[in-house]
Amino acid sequence: MPDELSSRPPQPIAAKAPALARPYIGRFAPSPTGPLHAGSLVAALASWLDARAHQGQWLLRIEDIDPPRCQVGADRVLFKQLQDCALLPDAPPVWQSQRHAHYDQALQQLLKGGLAYGCACTRKDIEDALAASGQTRARHQAAVYPGTCRQGLKGRAARAWRLRTDPHTSQIAWQDRRLGAQQQDVAAEVGDFVLRRADGLWAYQLAVVVDDAAQGVSHIVRGADLCDNTARQILLQRALGLPTPRYLHTPLVLDARGDKLSKQHGAPAVPTEGTPAASAALCAAASALGLPVEGSARTPAEWLQRWVPAWQALYSPRHG
């Protein structure tokens, strides 16, 4: 990509257009890094129930843009687990690995508008620049990019591509349907964030924004661990002229140490084969969402039908 695009002055991000009424479309978007565990089933159930409570569509997207983390055949295992639990999508699944051209098109749009630029910095470069300026960060806290390559690459080759954040437009506020009012200053707390990584892979933030818009997603229901991504995604939506969905972040399922249950930390697969196992898995997920699990429902489909009105009482479509 041309170096001169890196030094073009940024064009202002268009003001967000007034929200228009549009059909409800929700989605569940797992990464195929292993089978569903208890936490991912909570997200699947919550997004499915919200779609049904709104008489909307529920889509399935496989977020497989990070091949080193993906497991061969894991998508088929996910499909089978969802089918066991009667969580059936309303359209064929979409794989992100088949959509690289769409992400490149979005990046080119941002580059042409002066809203993105090439970055030659390594992680060590960033750490050294922050140290030289006297900035420190807490352990496990991501480094705020200092903007080293904003004015051009100075003869170096681009390794990654970043979104140019503007302190005047990067203070993002939104209303989460469960957590309430949220806000983040992306420029101050994150800095210019990566759109395409140094290894050539597309960053999650860009891919998810492009795909949600392409699929017409109006409501996003996902785990609270992803709430911190929301401000960056809203900023990208505005930069690309895309609509902003409504957000609802569900409670996290924690392990015995109080950490988020995740595949990365060895969370076991949820057993779903057979009606009793699938019903038990769904009831555990429903309990984590504050839904009633008493009663005599016999099949996953019967449990799901029972929980739709309970979900409506918690998150009424009239208000969300």
# chains A, B, ... in the order shown; residues from 1 in each chain; ligands from 1
>>> residues_around(residues="Asp212 (chain A)", least_positions_apart="5", cutoff="9 Å", atoms="only C-alpha atoms", output="list in words")
Arg27, Ala207, Val217, Ser218, Ile220 and Pro245 of chain A
>>> residues_around(residues="Gly216 (chain A)", least_positions_apart="3", cutoff="10 Å", atoms="only C-alpha atoms", output="list in words")
Arg22, Pro23, Tyr24, Ile25, Gly26, Arg27, Asp211, Asp212, Ala213, His219, Pro243 and Pro245 of chain A
>>> write_last_selection(atoms="C-alpha atoms", output="compact mmCIF listing (two decimals), in the first residue's frame")
# COMPACT_ATOMS: atom_id res chain seq x y z
CA ARG A 22 -34.71 -1.73 10.91
CA PRO A 23 -35.51 -5.40 11.28
CA TYR A 24 -34.01 -7.19 14.25
CA ILE A 25 -31.03 -9.32 13.27
CA GLY A 26 -28.84 -10.88 15.95
CA ARG A 27 -25.88 -13.21 15.73
CA ASP A 211 -19.32 -8.40 8.94
CA ASP A 212 -21.96 -7.08 11.33
CA ALA A 213 -22.82 -4.37 8.81
CA HIS A 219 -28.46 -6.08 18.03
CA PRO A 243 -24.86 1.86 11.44
CA PRO A 245 -26.10 -1.83 16.59
>>> residues_around(residues="region 95-108 of chain A", least_positions_apart="5", cutoff="12 Å", atoms="only C-alpha atoms", output="JSON, numbers by chain")
{"A": [1, 2, 5, 6, 29, 30, 31, 32, 59, 60, 61, 62, 63, 64, 65, 66, 67, 70, 75, 113, 114, 115, 116, 117, 118, 160, 161, 162, 163, 164, 194, 195, 196, 200, 201, 202, 203, 204, 205, 206, 207, 208, 209, 210, 211, 212, 213, 214, 215, 236, 237, 239, 240, 241, 242]}
>>> select_by_dssp(residues="region 25-113 of chain A", states="strand (DSSP E)", output="PyMOL selection string")
chain A and resi 25-28+57-62+94-95
>>> write_last_selection(atoms="all heavy atoms", output="tab-separated table (two decimals), in the first residue's frame")
chain	number	residue	atom	x	y	z
A	25	ILE	N	-31.91	-8.23	13.67
A	25	ILE	CA	-31.03	-9.32	13.27
A	25	ILE	C	-29.95	-9.45	14.34
A	25	ILE	O	-29.23	-8.48	14.62
A	25	ILE	CB	-30.39	-9.09	11.89
A	25	ILE	CG1	-31.47	-9.00	10.80
A	25	ILE	CG2	-29.40	-10.21	11.56
A	25	ILE	CD1	-30.92	-8.72	9.41
A	26	GLY	N	-29.87	-10.62	14.95
A	26	GLY	CA	-28.84	-10.88	15.95
A	26	GLY	C	-27.90	-11.95	15.43
A	26	GLY	O	-28.11	-12.54	14.37
A	27	ARG	N	-26.85	-12.22	16.19
A	27	ARG	CA	-25.88	-13.21	15.73
A	27	ARG	C	-25.12	-13.81	16.90
A	27	ARG	O	-25.00	-13.21	17.97
A	27	ARG	CB	-24.93	-12.62	14.71
A	27	ARG	CG	-24.27	-11.27	15.08
A	27	ARG	CD	-23.15	-11.37	16.06
A	27	ARG	NE	-22.26	-10.23	16.10
A	27	ARG	CZ	-21.29	-10.08	16.98
A	27	ARG	NH1	-21.11	-10.97	17.94
A	27	ARG	NH2	-20.49	-9.01	16.95
A	28	PHE	N	-24.61	-15.01	16.68
A	28	PHE	CA	-23.66	-15.65	17.57
A	28	PHE	C	-22.42	-15.89	16.74
A	28	PHE	O	-22.50	-16.42	15.63
A	28	PHE	CB	-24.22	-16.97	18.11
A	28	PHE	CG	-23.27	-17.74	18.98
A	28	PHE	CD1	-22.65	-17.15	20.07
A	28	PHE	CD2	-22.99	-19.08	18.71
A	28	PHE	CE1	-21.77	-17.86	20.88
A	28	PHE	CE2	-22.12	-19.80	19.51
A	28	PHE	CZ	-21.51	-19.19	20.60
A	57	GLN	N	-34.30	-12.41	13.46
A	57	GLN	CA	-33.46	-13.47	12.92
A	57	GLN	C	-32.24	-13.67	13.80
A	57	GLN	O	-31.73	-12.72	14.41
A	57	GLN	CB	-32.99	-13.11	11.51
A	57	GLN	CG	-34.02	-13.28	10.42
A	57	GLN	CD	-33.38	-13.09	9.05
A	57	GLN	OE1	-32.88	-12.02	8.71
A	57	GLN	NE2	-33.37	-14.14	8.26
A	58	TRP	N	-31.77	-14.91	13.84
A	58	TRP	CA	-30.55	-15.25	14.58
A	58	TRP	C	-29.57	-15.91	13.62
A	58	TRP	O	-29.87	-16.94	13.02
A	58	TRP	CB	-30.88	-16.20	15.73
A	58	TRP	CG	-29.73	-16.48	16.66
A	58	TRP	CD1	-29.11	-15.59	17.49
A	58	TRP	CD2	-29.08	-17.74	16.86
A	58	TRP	NE1	-28.11	-16.22	18.21
A	58	TRP	CE2	-28.07	-17.53	17.85
A	58	TRP	CE3	-29.25	-19.01	16.32
A	58	TRP	CZ2	-27.24	-18.56	18.28
A	58	TRP	CZ3	-28.42	-20.04	16.76
A	58	TRP	CH2	-27.43	-19.82	17.73
A	59	LEU	N	-28.41	-15.28	13.45
A	59	LEU	CA	-27.41	-15.75	12.49
A	59	LEU	C	-26.21	-16.36	13.21
A	59	LEU	O	-25.95	-16.07	14.38
A	59	LEU	CB	-26.95	-14.59	11.60
A	59	LEU	CG	-28.05	-13.80	10.89
A	59	LEU	CD1	-27.43	-12.68	10.06
A	59	LEU	CD2	-28.92	-14.71	10.03
A	60	LEU	N	-25.46	-17.17	12.48
A	60	LEU	CA	-24.26	-17.80	13.01
A	60	LEU	C	-23.09	-17.43	12.12
A	60	LEU	O	-23.15	-17.58	10.90
A	60	LEU	CB	-24.45	-19.32	13.03
A	60	LEU	CG	-23.27	-20.16	13.53
A	60	LEU	CD1	-22.91	-19.80	14.97
A	60	LEU	CD2	-23.61	-21.65	13.43
A	61	ARG	N	-22.03	-16.90	12.73
A	61	ARG	CA	-20.83	-16.53	12.00
A	61	ARG	C	-19.62	-17.19	12.66
A	61	ARG	O	-19.46	-17.11	13.89
A	61	ARG	CB	-20.65	-15.00	12.01
A	61	ARG	CG	-19.46	-14.54	11.20
A	61	ARG	CD	-19.47	-13.04	10.99
A	61	ARG	NE	-19.18	-12.28	12.18
A	61	ARG	CZ	-19.94	-11.29	12.65
A	61	ARG	NH1	-21.06	-10.95	12.04
A	61	ARG	NH2	-19.59	-10.64	13.74
A	62	ILE	N	-18.79	-17.81	11.88
A	62	ILE	CA	-17.59	-18.47	12.39
A	62	ILE	C	-16.41	-17.52	12.21
A	62	ILE	O	-16.01	-17.19	11.10
A	62	ILE	CB	-17.32	-19.80	11.65
A	62	ILE	CG1	-18.53	-20.72	11.80
A	62	ILE	CG2	-16.07	-20.47	12.20
A	62	ILE	CD1	-18.90	-21.07	13.22
A	94	VAL	N	-21.76	-18.10	8.09
A	94	VAL	CA	-20.76	-17.33	7.34
A	94	VAL	C	-19.41	-17.57	8.00
A	94	VAL	O	-19.31	-17.56	9.23
A	94	VAL	CB	-21.12	-15.83	7.34
A	94	VAL	CG1	-19.96	-15.00	6.80
A	94	VAL	CG2	-22.38	-15.57	6.53
A	95	TRP	N	-18.37	-17.78	7.18
A	95	TRP	CA	-17.01	-17.95	7.68
A	95	TRP	C	-16.21	-16.69	7.36
A	95	TRP	O	-16.15	-16.26	6.20
A	95	TRP	CB	-16.33	-19.15	7.02
A	95	TRP	CG	-16.68	-20.48	7.61
A	95	TRP	CD1	-15.95	-21.21	8.50
A	95	TRP	CD2	-17.85	-21.26	7.31
A	95	TRP	NE1	-16.61	-22.40	8.79
A	95	TRP	CE2	-17.77	-22.46	8.07
A	95	TRP	CE3	-18.96	-21.07	6.50
A	95	TRP	CZ2	-18.75	-23.44	8.03
A	95	TRP	CZ3	-19.95	-22.05	6.45
A	95	TRP	CH2	-19.83	-23.22	7.22
>>> residues_around(residues="Ala188 (chain A)", least_positions_apart="3", cutoff="9 Å", atoms="only C-alpha atoms", output="list in words")
Val144, Pro167, Ser170, Gln171, Gln184, Asp185 and Gly191 of chain A
>>> write_last_selection(atoms="C-alpha atoms", output="short mmCIF file (atom, residue, chain, number, x, y, z; two decimals), in the first residue's frame")
data_model
loop_
_atom_site.label_atom_id
_atom_site.label_comp_id
_atom_site.auth_asym_id
_atom_site.auth_seq_id
_atom_site.Cartn_x
_atom_site.Cartn_y
_atom_site.Cartn_z
CA VAL A 144 -1.44 2.89 24.35
CA PRO A 167 -9.11 13.22 20.67
CA SER A 170 -12.81 9.49 20.09
CA GLN A 171 -14.78 9.94 23.31
CA GLN A 184 -14.39 5.31 26.76
CA ASP A 185 -11.90 7.78 25.35
CA GLY A 191 -4.58 5.01 20.96
#
